[in-house]
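Visitor: Data: start.tsv, TSV, C-alpha atoms and all ligand atoms.
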chain	number	residue	atom	x	y	z
Z	1	MET	CA	-8.77	-7.41	2.12
Z	2	SER	CA	-6.75	-10.04	3.91
Z	3	GLY	CA	-4.84	-12.37	1.56
Z	4	ILE	CA	-3.62	-14.85	4.16
Z	5	LYS	CA	-4.08	-14.82	7.90
Z	6	LEU	CA	-2.37	-17.19	10.32
Z	7	THR	CA	-3.67	-17.16	13.89
Z	8	ASP	CA	-1.70	-18.96	16.60
Z	9	VAL	CA	-0.56	-21.61	14.09
Z	10	ARG	CA	1.36	-24.48	15.63
Z	11	LYS	CA	3.08	-27.59	14.35
Z	12	SER	CA	4.64	-30.57	16.04
Z	13	PHE	CA	6.10	-33.70	14.51
Z	14	GLY	CA	5.39	-36.25	17.24
Z	15	SER	CA	6.62	-34.61	20.44
Z	16	PHE	CA	8.97	-32.31	18.48
Z	17	SER	CA	7.44	-28.83	18.29
Z	18	VAL	CA	8.71	-26.79	15.32
Z	19	ILE	CA	6.17	-23.92	14.93
Z	20	HIS	CA	5.24	-22.28	18.22
Z	21	GLY	CA	2.14	-20.16	17.75
Z	22	VAL	CA	2.64	-17.97	14.70
Z	23	ASP	CA	0.47	-14.93	13.88
Z	24	ILE	CA	0.95	-13.39	10.45
Z	25	GLU	CA	-1.32	-11.27	8.30
Z	26	ILE	CA	-0.59	-10.77	4.60
Z	27	ASN	CA	-2.74	-8.38	2.57
Z	28	GLN	CA	-4.30	-9.44	-0.69
Z	29	GLY	CA	-1.84	-8.74	-3.51
Z	30	GLU	CA	1.08	-8.36	-1.15
Z	31	PHE	CA	4.48	-9.99	-1.73
Z	32	ALA	CA	5.52	-11.51	1.60
Z	33	VAL	CA	8.88	-13.15	2.22
Z	34	PHE	CA	9.51	-15.62	5.03
Z	35	VAL	CA	13.19	-15.48	5.86
Z	36	GLY	CA	15.29	-17.24	8.46
Z	37	PRO	CA	18.07	-19.79	8.83
Z	38	SER	CA	17.78	-23.36	7.64
Z	39	GLY	CA	15.54	-25.44	9.90
Z	40	CYS	CA	13.58	-22.51	11.39
Z	41	GLY	CA	10.28	-23.77	9.96
Z	42	LYS	CA	9.81	-21.77	6.74
Z	43	SER	CA	8.87	-24.76	4.56
Z	44	THR	CA	6.62	-26.20	7.25
Z	45	LEU	CA	4.69	-22.92	7.46
Z	46	LEU	CA	4.37	-22.73	3.69
Z	47	ARG	CA	3.23	-26.35	3.45
Z	48	MET	CA	0.55	-25.71	6.07
Z	49	ILE	CA	-0.73	-22.72	4.06
Z	50	ALA	CA	-0.75	-24.93	0.96
Z	51	GLY	CA	-2.60	-27.70	2.80
Z	52	LEU	CA	0.22	-30.19	2.25
Z	53	GLU	CA	0.81	-30.46	5.98
Z	54	GLU	CA	-1.81	-30.47	8.73
Z	55	THR	CA	-1.65	-27.88	11.48
Z	56	SER	CA	-1.32	-29.00	15.11
Z	57	GLY	CA	-3.21	-25.91	16.28
Z	58	GLY	CA	-4.44	-22.49	15.23
Z	59	GLN	CA	-6.23	-21.21	12.18
Z	60	ILE	CA	-5.37	-20.40	8.56
Z	61	SER	CA	-7.58	-18.12	6.46
Z	62	ILE	CA	-7.26	-17.25	2.78
Z	63	GLU	CA	-9.19	-14.19	1.64
Z	64	ASN	CA	-11.22	-14.31	4.85
Z	65	GLU	CA	-12.23	-17.98	4.44
Z	66	ASP	CA	-11.13	-20.46	7.07
Z	67	VAL	CA	-9.18	-23.11	5.12
Z	68	THR	CA	-7.51	-24.75	8.12
Z	69	HIS	CA	-9.10	-28.12	7.39
Z	70	ARG	CA	-9.72	-27.74	3.66
Z	71	GLU	CA	-7.87	-30.04	1.27
Z	72	ALA	CA	-4.98	-28.57	-0.73
Z	73	SER	CA	-6.69	-28.66	-4.13
Z	74	LYS	CA	-9.61	-26.57	-2.84
Z	75	ARG	CA	-7.62	-23.71	-1.29
Z	76	GLY	CA	-6.90	-21.72	-4.44
Z	77	VAL	CA	-3.16	-21.85	-3.85
Z	78	ALA	CA	-0.37	-23.02	-6.13
Z	79	MET	CA	3.12	-23.90	-5.05
Z	80	VAL	CA	6.14	-23.23	-7.26
Z	81	PHE	CA	8.85	-25.82	-6.89
Z	82	GLN	CA	12.42	-25.91	-8.07
Z	83	SER	CA	12.71	-26.46	-11.78
Z	84	TYR	CA	13.98	-30.03	-11.50
Z	85	ALA	CA	10.42	-31.03	-10.56
Z	86	LEU	CA	9.42	-30.77	-14.27
Z	87	TYR	CA	8.44	-33.94	-16.13
Z	88	PRO	CA	11.42	-34.58	-18.44
Z	89	HIS	CA	9.46	-36.66	-20.98
Z	90	LEU	CA	6.72	-34.02	-21.46
Z	91	SER	CA	6.94	-30.87	-23.58
Z	92	VAL	CA	6.82	-27.39	-22.10
Z	93	PHE	CA	3.16	-27.17	-23.15
Z	94	GLU	CA	2.34	-30.52	-21.54
Z	95	ASN	CA	4.20	-29.63	-18.36
Z	96	MET	CA	2.26	-26.40	-18.03
Z	97	ALA	CA	-1.04	-28.04	-18.98
Z	98	PHE	CA	-0.59	-30.99	-16.62
Z	99	SER	CA	-2.80	-29.94	-13.70
Z	100	LEU	CA	-5.55	-28.75	-16.07
Z	101	SER	CA	-5.44	-32.02	-18.04
Z	102	ILE	CA	-5.74	-34.01	-14.83
Z	103	ALA	CA	-8.73	-31.85	-13.86
Z	104	LYS	CA	-10.22	-32.72	-17.29
Z	105	ARG	CA	-10.61	-29.09	-18.34
Z	106	PRO	CA	-11.80	-28.54	-21.94
Z	107	LYS	CA	-9.03	-28.53	-24.56
Z	108	ALA	CA	-9.75	-24.97	-25.70
Z	109	GLU	CA	-9.50	-23.67	-22.15
Z	110	ILE	CA	-6.19	-25.49	-21.62
Z	111	GLN	CA	-4.82	-24.03	-24.87
Z	112	GLN	CA	-5.87	-20.54	-23.90
Z	113	LYS	CA	-4.51	-20.68	-20.34
Z	114	VAL	CA	-1.17	-22.22	-21.31
Z	115	LYS	CA	-0.77	-19.64	-24.11
Z	116	ALA	CA	-1.55	-16.79	-21.73
Z	117	ALA	CA	0.96	-18.08	-19.17
Z	118	ALA	CA	3.58	-18.62	-21.88
Z	119	ASP	CA	3.08	-15.00	-23.00
Z	120	ILE	CA	3.61	-13.67	-19.49
Z	121	LEU	CA	6.74	-15.81	-19.13
Z	122	ARG	CA	7.99	-15.29	-22.71
Z	123	LEU	CA	7.95	-19.03	-23.39
Z	124	GLY	CA	5.76	-18.88	-26.49
Z	125	ASP	CA	8.53	-20.10	-28.81
Z	126	TYR	CA	9.40	-23.07	-26.60
Z	127	LEU	CA	6.07	-24.82	-26.08
Z	128	GLN	CA	7.09	-27.95	-28.01
Z	129	HIS	CA	10.55	-28.17	-26.43
Z	130	LYS	CA	11.46	-30.71	-23.77
Z	131	PRO	CA	12.86	-29.41	-20.47
Z	132	SER	CA	16.30	-30.79	-21.40
Z	133	GLN	CA	16.38	-28.42	-24.40
Z	134	LEU	CA	15.89	-25.34	-22.22
Z	135	SER	CA	18.22	-23.12	-20.22
Z	136	GLY	CA	18.02	-23.16	-16.41
Z	137	GLY	CA	16.11	-19.88	-16.39
Z	138	GLN	CA	13.61	-21.12	-18.98
Z	139	ARG	CA	13.05	-24.29	-16.97
Z	140	GLN	CA	12.36	-22.26	-13.86
Z	141	ARG	CA	9.87	-20.16	-15.86
Z	142	VAL	CA	8.06	-23.35	-16.92
Z	143	ALA	CA	7.83	-24.34	-13.25
Z	144	ILE	CA	6.22	-20.95	-12.55
Z	145	GLY	CA	3.95	-21.40	-15.59
Z	146	ARG	CA	2.55	-24.58	-14.09
Z	147	ALA	CA	1.31	-22.49	-11.16
Z	148	ILE	CA	0.01	-19.58	-13.30
Z	149	VAL	CA	-2.33	-21.74	-15.41
Z	150	ARG	CA	-4.22	-22.70	-12.26
Z	151	GLU	CA	-5.03	-19.02	-11.65
Z	152	PRO	CA	-4.49	-19.34	-7.91
Z	153	ARG	CA	-5.45	-16.69	-5.36
Z	154	VAL	CA	-2.09	-17.30	-3.70
Z	155	PHE	CA	1.32	-18.27	-5.09
Z	156	LEU	CA	3.70	-20.04	-2.73
Z	157	PHE	CA	7.41	-20.21	-3.58
Z	158	ASP	CA	9.74	-22.42	-1.55
Z	159	GLU	CA	13.31	-21.37	-2.33
Z	160	PRO	CA	12.62	-21.74	-6.06
Z	161	LEU	CA	16.00	-20.34	-7.11
Z	162	SER	CA	18.28	-22.27	-4.80
Z	163	ASN	CA	19.62	-24.62	-7.48
Z	164	LEU	CA	20.46	-21.83	-9.95
Z	165	ASP	CA	23.81	-20.07	-10.24
Z	166	ALA	CA	24.28	-16.56	-8.81
Z	167	GLU	CA	23.82	-14.66	-12.06
Z	168	LEU	CA	20.65	-16.53	-12.98
Z	169	ARG	CA	19.25	-16.04	-9.50
Z	170	VAL	CA	19.42	-12.27	-9.95
Z	171	LYS	CA	17.67	-12.52	-13.33
Z	172	MET	CA	14.95	-14.83	-12.03
Z	173	ARG	CA	14.43	-12.64	-9.00
Z	174	MET	CA	13.63	-9.74	-11.34
Z	175	GLU	CA	11.41	-12.06	-13.35
Z	176	ILE	CA	9.41	-12.99	-10.25
Z	177	ALA	CA	9.09	-9.32	-9.23
Z	178	ARG	CA	7.79	-8.56	-12.73
Z	179	LEU	CA	5.30	-11.43	-12.51
Z	180	HIS	CA	3.98	-10.04	-9.25
Z	181	ARG	CA	3.55	-6.55	-10.73
Z	182	GLN	CA	1.80	-8.04	-13.74
Z	183	ILE	CA	-0.70	-10.40	-12.09
Z	184	GLY	CA	-0.91	-8.85	-8.64
Z	185	ALA	CA	-1.77	-12.07	-6.76
Z	186	THR	CA	-0.83	-12.61	-3.12
Z	187	MET	CA	2.58	-14.25	-3.01
Z	188	VAL	CA	4.60	-15.86	-0.25
Z	189	TYR	CA	8.24	-16.49	-0.97
Z	190	VAL	CA	10.47	-18.52	1.31
Z	191	THR	CA	14.22	-18.00	1.33
Z	192	HIS	CA	17.23	-18.08	3.63
Z	193	ASP	CA	18.81	-15.35	1.47
Z	194	GLN	CA	18.59	-11.86	3.01
Z	195	VAL	CA	19.30	-10.10	-0.29
Z	196	GLU	CA	16.44	-11.93	-1.99
Z	197	ALA	CA	14.16	-11.00	0.90
Z	198	MET	CA	15.16	-7.33	0.92
Z	199	THR	CA	14.74	-6.89	-2.85
Z	200	LEU	CA	11.50	-8.83	-3.38
Z	201	ALA	CA	9.38	-8.19	-0.31
Z	202	ASP	CA	6.60	-5.76	0.45
Z	203	LYS	CA	6.61	-7.43	3.87
Z	204	ILE	CA	9.29	-9.57	5.49
Z	205	VAL	CA	8.58	-12.11	8.21
Z	206	VAL	CA	11.76	-13.01	10.09
Z	207	LEU	CA	11.64	-16.45	11.70
Z	208	LYS	CA	13.89	-18.15	14.19
Z	209	GLU	CA	13.23	-21.61	15.62
Z	210	GLY	CA	9.54	-21.53	14.75
Z	211	ILE	CA	8.89	-18.11	16.29
Z	212	VAL	CA	8.25	-14.86	14.41
Z	213	GLN	CA	10.92	-12.35	15.39
Z	214	GLN	CA	9.62	-9.35	13.48
Z	215	VAL	CA	7.30	-8.45	10.61
Z	216	GLY	CA	7.76	-5.32	8.54
Z	217	ALA	CA	8.73	-3.66	5.31
Z	218	PRO	CA	12.38	-4.23	4.34
Z	219	LEU	CA	13.42	-0.69	5.28
Z	220	GLU	CA	11.60	-0.87	8.64
Z	221	LEU	CA	13.52	-4.00	9.59
Z	222	TYR	CA	16.75	-2.48	8.44
Z	223	ARG	CA	16.25	0.79	10.33
Z	224	ASP	CA	14.53	-0.54	13.42
Z	225	PRO	CA	15.34	-4.20	14.08
Z	226	GLN	CA	13.60	-5.43	17.22
Z	227	ASN	CA	16.43	-7.63	18.41
Z	228	MET	CA	20.00	-8.67	17.71
Z	229	PHE	CA	18.91	-11.66	15.68
Z	230	VAL	CA	16.94	-9.51	13.22
Z	231	ALA	CA	19.74	-6.96	13.09
Z	232	GLY	CA	22.31	-9.66	12.39
Z	233	PHE	CA	20.18	-11.44	9.87
Z	234	ILE	CA	19.09	-8.37	7.92
Z	235	GLY	CA	22.59	-6.97	8.08
Z	236	SER	CA	21.60	-3.69	9.69
Z	237	PRO	CA	23.67	-1.82	12.31
Z	238	GLY	CA	21.18	-2.75	15.10
J	301	LIG	P1	13.24	-24.60	6.82
J	301	LIG	O1	12.38	-24.71	5.63
J	301	LIG	O2	13.20	-23.25	7.48
J	301	LIG	O3	14.67	-24.99	6.55
J	301	LIG	P2	11.63	-26.80	7.82
J	301	LIG	O4	10.27	-26.24	7.89
J	301	LIG	O5	11.95	-27.68	6.67
J	301	LIG	O6	12.70	-25.61	7.94
J	301	LIG	O7	11.91	-27.62	9.13
J	301	LIG	C1	11.68	-27.10	10.44
J	301	LIG	C2	12.01	-28.19	11.45
J	301	LIG	O8	11.04	-29.23	11.35
J	301	LIG	C3	13.37	-28.84	11.27
J	301	LIG	O9	13.91	-29.11	12.53
J	301	LIG	C4	13.03	-30.11	10.52
J	301	LIG	O10	13.98	-31.10	10.79
J	301	LIG	C5	11.68	-30.47	11.11
J	301	LIG	N1	10.84	-31.23	10.17
J	301	LIG	C6	10.37	-30.79	8.99
J	301	LIG	N2	9.59	-31.73	8.39
J	301	LIG	C7	9.57	-32.79	9.24
J	301	LIG	C8	8.93	-34.08	9.23
J	301	LIG	N3	8.15	-34.44	8.19
J	301	LIG	N4	9.14	-34.89	10.27
J	301	LIG	C9	9.91	-34.52	11.32
J	301	LIG	N5	10.52	-33.32	11.41
J	301	LIG	C10	10.37	-32.47	10.40
J	302	MG	MG	12.85	-25.22	3.67
Taking this structure as input, can you express it in the form of structure tokens?
Guide:
Amino acid sequence: MSGIKLTDVRKSFGSFSVIHGVDIEINQGEFAVFVGPSGCGKSTLLRMIAGLEETSGGQISIENEDVTHREASKRGVAMVFQSYALYPHLSVFENMAFSLSIAKRPKAEIQQKVKAAADILRLGDYLQHKPSQLSGGQRQRVAIGRAIVREPRVFLFDEPLSNLDAELRVKMRMEIARLHRQIGATMVYVTHDQVEAMTLADKIVVLKEGIVQQVGAPLELYRDPQNMFVAGFIGSPG
């Protein structure tokens, strides 16, 4: 089954066109990485999938349902932000429970979902801690936990590791790969880091100036880049 399908998706800000007719298909359960230099439109694409930004043209489907004009909260997607987006005055539990509390879910359900997410992320011993009492990696796991409790069909990550140091990035990258193996949801991960893309992706989408350059498995792009840009960006001999 299709996880996410973009058909001729376009975006302009005023007269400034930034996404020029993008077609991408991501299978259900697949880990897709959008990679490309800063300013090429990765975040804009992700925000349109999330419903945080309107499209200027084209169609977006999630699991074969047209969601192009559906509001963000009804798309079954959750976005993972950088860890500094946590509420500093709330505990780990309260941070993870936040969206469920707002949705007025029953207390028992909130308890159960936050516990389950904390188990997956090995945060069970830290539920009463404040973000300031956690390490950078733990904070990032809480940010991921906030998405998990919503049980989304699709996880969207926008450069979630970019404010972590190099060593922690490697650890968190493995953590995210493990999460994907464990829960098997469709995931889209945006990065400008080729190494992150090559190690995490089932499928890489290479973008340049709002145009898809190539889509393929990491090894396919490495062995058979379709142009000099892809070759240069992926670091293959071309
Ligand atoms: P990336 O995430 O790949 O770095 P973005 O999607 O953030 O790129 O941005 C793509 C282009 O769209 C950039 O030229 C950026 O300046 C422009 N852009 C993004 N958001 C807006 C906005 N709200 N208003 C005007 N221009 C924007
Ligand atoms: Mg961006």
Visitor: State, in Å with one decimal place, the distance from CA of Phe34 in chain Z to CA of Ser135 in chain Z.
Guide: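 Those two atoms sit 27.7 Å apart.
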Visitor: Go through Z:Gly124, Z:Gly3, Z:Gly137, Z:Pro218 and flag the residue nearest Leu200 in chain Z, using only C-alpha atoms for the distances.
Guide: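 Nearest candidate to Leu200 in chain Z out of Z:Gly124, Z:Gly3, Z:Gly137, Z:Pro218: Z:Pro218.
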Visitor: Please provide as number ranges by chain all residues within 12 Å of Ile62 in chain Z, with the sequence filter that same-chain residues fewer than 2 positions apart are discarded (counting only C-alpha atoms).
Guide: Z: 1-7, 24-29, 48-51, 59-60, 64-70, 74-77, 152-155, 186-187
Visitor: In terms of the shortest atom-to-atom distance over all atoms listed in the file, which of Z:Arg141, Z:Arg47, Z:Lys130, Z:Lys11 is closest to Asp158 in chain Z?
Guide: Z:Arg47
Visitor: Show me which residues line ligand MG 302 (chain J), defined as having an atom within 8 Å of a ligand atom where only C-alpha atoms and all ligand atoms count, and present them as JSON, numbers by chain.
Guide: {"Z": [38, 39, 41, 42, 43, 44, 158, 159, 190, 191]}
Visitor: Identify which of the residues Z:His129, Z:Lys171, Z:Arg105, Z:His180 lies closest to Leu156 in chain Z, counting only C-alpha atoms when measuring atom-to-atom distances.
Guide: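 Smallest separation from Leu156 in chain Z among the options: Z:His180.
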Visitor: Name all residues at most 12 Å from Ala118 in chain Z (count only C-alpha atoms; drop same-chain ones fewer than 4 positions away) and give them as an MDAnalysis selection string.
Guide: chainID Z and resid 92:97 110:114 122:128 138 141:149 179
